[in-house]
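A quick write-up on the structure given underneath.
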Amino acid sequence: MPTLLGSETWDHVIPAKVAELAINTRYFAVEDLKSARRYLRKLDRTFPIDKSTFFILNKNTLPTDLSAMLAPLRNGHNVAIISEAGCPGVADPGADLVALAHQRGDFVSPLTGPSSILLGLMASGFNGQSFCFNGYIPKERKKRVFTFKDYEREVSKTGQTQIFMETPFRNNNLLEDLLNECLDATFLCIACDLTLPTERVQTMTVAEWREKAFDLNKRPTMFLIGKPFAM
């Protein structure tokens, strides 16, 4: 069950049917309890938090804890997985629980909602037929510089779009390294604050970005290196 990417309103990114299903669900496997409760109350101010059950599903969850999260299914109840932002199981926890549900023969249904990865790709102008989401960029500068070069080579060789991200408070450092280390002609797309009123998506060459870079500090951002598809 997708959740918001940070916006205060939901009706422009969450379909009404998904919101209705969320409001009528009472069992949730959530990455972050506080954000999940806040999301449900945004969907319905009267949502019965106290009458609902929340299981914590994050990187620290033990495999032995997963079966209990699926127990309500045996009594005919839905169980919704909600990550901290966007789509669960896509660069977020959830895949292990879904895999267990498949092993047990339970019905699994993905619901429509925002994914910053796909939204960034959609708005980039890059190859959407072949792309790779690489997750978080290495923290060590030497390794990340090698990573940039790998991305550039892959784009040049195959045209495959390379998508990656950084912790929001380190975005400016990442952008600085990209502009210092990547080739002038490399095309870089920056997609920040997706679905928010401050949303901005821009694709330019690295040389152009050096003249027009803007502050990304603490703004959720997807970075993409690719080749404009019409080229």
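Residue numbering restarts at 1 in every chain; chains get A, B, ... in the order shown in the structure tokens, and ligands count up from 1 in that same order.
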**Item:** Residue contacts of stretch 187-190 of chain A (6 Å, only C-alpha atoms) excluding same-chain residues fewer than 6 positions away, as an NGL selection string
**Value:** :A and (124 or 201-205 or 223-226)
**Request:** List the neighbours of stretch 42-58 of chain A out to 6 Å using only C-alpha atoms; skip same-chain residues closer than 3 positions along the sequence, and give me the result as a ChimeraX atom specification.
**Result:** /A:26-31,39,61,93
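All residues of protein, DNA or RNA that reach within 9 Å of stretch 95-108 of chain A, judged by only C-alpha atoms and not counting those fewer than 6 positions away in the chain, are Ala29, Leu57, Pro63, Leu66, Ser67, Met69, Leu70, Leu73, Ile81, Pro88 and Gly89 of chain A.
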Write out as a tab-separated table a residue-level contact list of stretch 61-138 of chain A versus stretch 142-164 of chain A with cut-off 9 Å: for each qualifying residue the closest pair of atoms and the distance in Å to one decimal, counting only C-alpha atoms, rows sorted by chain and residue number upward.
```
residue	atom	partner	partner_atom	distance
A:Ile117	CA	A:Ile163	CA	7.5
A:Gly120	CA	A:Ile163	CA	8.7
A:Leu121	CA	A:Ile163	CA	8.0
A:Phe126	CA	A:Thr161	CA	6.4
A:Asn127	CA	A:Thr161	CA	5.8
A:Gly128	CA	A:Thr161	CA	7.4
A:Gln129	CA	A:Gln160	CA	8.1
A:Ser130	CA	A:Gln160	CA	5.0
A:Phe131	CA	A:Thr161	CA	4.4
A:Cys132	CA	A:Gln162	CA	5.2
A:Phe133	CA	A:Ile163	CA	4.7
A:Asn134	CA	A:Phe164	CA	5.2
A:Gly135	CA	A:Phe164	CA	5.1
A:Tyr136	CA	A:Phe164	CA	5.9
A:Ile137	CA	A:Phe164	CA	6.4
A:Pro138	CA	A:Arg144	CA	5.1
```
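Remark: for A:Thr3, the closest of the candidate residues A:Leu174, A:Leu33, A:Leu62, A:Ala85 is A:Ala85 (distances computed over only C-alpha atoms).
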**Request:** Give the strand (DSSP E or B) residues of stretch 21-215 of chain A, as assigned by DSSP on the backbone, as a PyMOL selection string.
**Result:** chain A and resi 27-30+53-56+80-82+131-136+161-165+187-192+200-205
Residue set, stretch 18-211 of chain A restricted to helix (DSSP H, G or I), as a PDB file with C-alpha atoms, in the first residue's frame:
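Generated file (result.pdb):
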```pdb
ATOM      1  CA  VAL A  18      -6.724   2.839  -2.411  1.00  0.00           C
ATOM      2  CA  ALA A  19      -7.624   5.376   0.270  1.00  0.00           C
ATOM      3  CA  GLU A  20     -10.919   3.574   0.872  1.00  0.00           C
ATOM      4  CA  LEU A  21      -9.139   0.241   1.223  1.00  0.00           C
ATOM      5  CA  ALA A  22      -6.641   1.750   3.669  1.00  0.00           C
ATOM      6  CA  ILE A  23      -9.403   3.269   5.771  1.00  0.00           C
ATOM      7  CA  LEU A  33       4.782   3.635  13.179  1.00  0.00           C
ATOM      8  CA  LYS A  34       4.488   7.409  13.520  1.00  0.00           C
ATOM      9  CA  SER A  35       4.438   8.159   9.802  1.00  0.00           C
ATOM     10  CA  ALA A  36       1.975   5.324   9.092  1.00  0.00           C
ATOM     11  CA  ARG A  37      -0.457   6.574  11.721  1.00  0.00           C
ATOM     12  CA  ARG A  38      -0.119  10.141  10.422  1.00  0.00           C
ATOM     13  CA  TYR A  39      -0.829   8.948   6.886  1.00  0.00           C
ATOM     14  CA  LEU A  40      -3.966   7.068   7.898  1.00  0.00           C
ATOM     15  CA  ARG A  41      -5.261  10.089   9.796  1.00  0.00           C
ATOM     16  CA  LYS A  42      -4.688  12.231   6.706  1.00  0.00           C
ATOM     17  CA  LEU A  43      -6.859   9.814   4.747  1.00  0.00           C
ATOM     18  CA  ILE A  49      -5.799   4.060  15.410  1.00  0.00           C
ATOM     19  CA  ASP A  50      -6.446   2.449  18.790  1.00  0.00           C
ATOM     20  CA  LYS A  51      -8.532  -0.307  17.226  1.00  0.00           C
ATOM     21  CA  PRO A  63      12.587 -13.430   9.828  1.00  0.00           C
ATOM     22  CA  THR A  64      10.917 -15.269  12.711  1.00  0.00           C
ATOM     23  CA  ASP A  65       8.614 -12.258  13.276  1.00  0.00           C
ATOM     24  CA  LEU A  66       7.099 -12.307   9.802  1.00  0.00           C
ATOM     25  CA  SER A  67       4.604 -15.143  10.211  1.00  0.00           C
ATOM     26  CA  ALA A  68       2.701 -13.285  12.927  1.00  0.00           C
ATOM     27  CA  MET A  69       2.152 -10.374  10.565  1.00  0.00           C
ATOM     28  CA  LEU A  70       0.287 -12.617   8.137  1.00  0.00           C
ATOM     29  CA  ALA A  71      -1.823 -14.371  10.779  1.00  0.00           C
ATOM     30  CA  PRO A  72      -4.849 -12.035  10.298  1.00  0.00           C
ATOM     31  CA  LEU A  73      -5.188 -13.286   6.708  1.00  0.00           C
ATOM     32  CA  ARG A  74      -6.317 -16.659   8.027  1.00  0.00           C
ATOM     33  CA  ASN A  75      -9.336 -14.928   9.560  1.00  0.00           C
ATOM     34  CA  ALA A  95       9.847  -7.838   0.004  1.00  0.00           C
ATOM     35  CA  ASP A  96      10.525 -10.498   2.662  1.00  0.00           C
ATOM     36  CA  LEU A  97       6.962 -10.380   3.935  1.00  0.00           C
ATOM     37  CA  VAL A  98       5.558 -10.494   0.403  1.00  0.00           C
ATOM     38  CA  ALA A  99       7.800 -13.454  -0.401  1.00  0.00           C
ATOM     39  CA  LEU A 100       6.493 -15.310   2.646  1.00  0.00           C
ATOM     40  CA  ALA A 101       2.912 -14.564   1.631  1.00  0.00           C
ATOM     41  CA  HIS A 102       3.601 -16.124  -1.771  1.00  0.00           C
ATOM     42  CA  GLN A 103       5.145 -19.186  -0.127  1.00  0.00           C
ATOM     43  CA  ARG A 104       2.010 -19.597   1.969  1.00  0.00           C
ATOM     44  CA  SER A 116       9.928   8.519  -6.626  1.00  0.00           C
ATOM     45  CA  ILE A 117      12.043   6.180  -8.769  1.00  0.00           C
ATOM     46  CA  LEU A 118       9.486   5.886 -11.555  1.00  0.00           C
ATOM     47  CA  LEU A 119       8.319   9.497 -11.290  1.00  0.00           C
ATOM     48  CA  GLY A 120      11.884  10.701 -11.668  1.00  0.00           C
ATOM     49  CA  LEU A 121      12.426   8.418 -14.667  1.00  0.00           C
ATOM     50  CA  MET A 122       9.150   9.512 -16.277  1.00  0.00           C
ATOM     51  CA  ALA A 123      10.133  13.176 -16.096  1.00  0.00           C
ATOM     52  CA  SER A 124      13.804  12.775 -17.025  1.00  0.00           C
ATOM     53  CA  ARG A 141      34.340   9.753  -1.950  1.00  0.00           C
ATOM     54  CA  LYS A 142      36.831   7.578  -3.833  1.00  0.00           C
ATOM     55  CA  LYS A 143      34.269   4.810  -4.267  1.00  0.00           C
ATOM     56  CA  ARG A 144      31.551   7.209  -5.356  1.00  0.00           C
ATOM     57  CA  VAL A 145      33.818   8.766  -7.988  1.00  0.00           C
ATOM     58  CA  PHE A 146      34.473   5.278  -9.408  1.00  0.00           C
ATOM     59  CA  THR A 147      30.705   4.718  -9.304  1.00  0.00           C
ATOM     60  CA  PHE A 148      30.046   7.876 -11.330  1.00  0.00           C
ATOM     61  CA  LYS A 149      32.500   6.691 -13.964  1.00  0.00           C
ATOM     62  CA  ASP A 150      30.804   3.284 -14.071  1.00  0.00           C
ATOM     63  CA  TYR A 151      27.446   4.971 -14.622  1.00  0.00           C
ATOM     64  CA  GLU A 152      28.838   7.134 -17.410  1.00  0.00           C
ATOM     65  CA  ARG A 153      30.377   4.106 -19.129  1.00  0.00           C
ATOM     66  CA  GLU A 154      27.148   2.124 -18.867  1.00  0.00           C
ATOM     67  CA  VAL A 155      25.101   4.962 -20.343  1.00  0.00           C
ATOM     68  CA  SER A 156      27.613   5.442 -23.157  1.00  0.00           C
ATOM     69  CA  LYS A 157      27.812   1.708 -23.897  1.00  0.00           C
ATOM     70  CA  THR A 158      24.196   0.576 -23.560  1.00  0.00           C
ATOM     71  CA  PRO A 168      18.674  14.277   1.815  1.00  0.00           C
ATOM     72  CA  PHE A 169      21.033  16.177   4.114  1.00  0.00           C
ATOM     73  CA  ARG A 170      23.986  14.995   1.985  1.00  0.00           C
ATOM     74  CA  ASN A 171      22.442  15.872  -1.379  1.00  0.00           C
ATOM     75  CA  ASN A 172      24.525  19.001  -1.871  1.00  0.00           C
ATOM     76  CA  ASN A 173      27.738  17.070  -1.256  1.00  0.00           C
ATOM     77  CA  LEU A 174      26.697  14.484  -3.825  1.00  0.00           C
ATOM     78  CA  LEU A 175      25.818  17.159  -6.361  1.00  0.00           C
ATOM     79  CA  GLU A 176      29.169  18.856  -5.820  1.00  0.00           C
ATOM     80  CA  ASP A 177      31.011  15.590  -6.445  1.00  0.00           C
ATOM     81  CA  LEU A 178      28.951  14.900  -9.562  1.00  0.00           C
ATOM     82  CA  LEU A 179      29.717  18.316 -11.012  1.00  0.00           C
ATOM     83  CA  ASN A 180      33.407  18.019 -10.166  1.00  0.00           C
ATOM     84  CA  GLU A 181      33.956  14.488 -11.436  1.00  0.00           C
ATOM     85  CA  VAL A 206      26.915  18.588 -16.191  1.00  0.00           C
ATOM     86  CA  ALA A 207      28.454  21.712 -17.758  1.00  0.00           C
ATOM     87  CA  GLU A 208      25.049  23.432 -17.645  1.00  0.00           C
ATOM     88  CA  TRP A 209      24.414  22.268 -14.086  1.00  0.00           C
ATOM     89  CA  ARG A 210      27.607  23.959 -12.949  1.00  0.00           C
ATOM     90  CA  GLU A 211      26.034  27.272 -13.915  1.00  0.00           C
TER      91      GLU A 211
END
```
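The space between atom CA of A:Gly6 and atom CA of A:Ser109 spans 23.6 Å.
Distances to A:Leu196 were evaluated for A:Pro114, A:Gly76, A:Gly125, A:Pro228 using only C-alpha atoms, and the minimum falls at A:Pro114.
If you measure from each of A:Thr195, A:Asn217, A:Thr186, A:Thr112 to A:Pro15 using only C-alpha atoms, the closest one turns out to be A:Thr112.
Distances from A:Asp184, A:Gly113, A:Ala213, A:Ile82 to A:Trp10 were compared using only C-alpha atoms, and the smallest one belongs to A:Gly113.
When only C-alpha atoms are used to measure the gap to A:Lys139, the shortest distance among A:Glu166, A:Asp92, A:Asp215, A:Asp32 belongs to A:Glu166.
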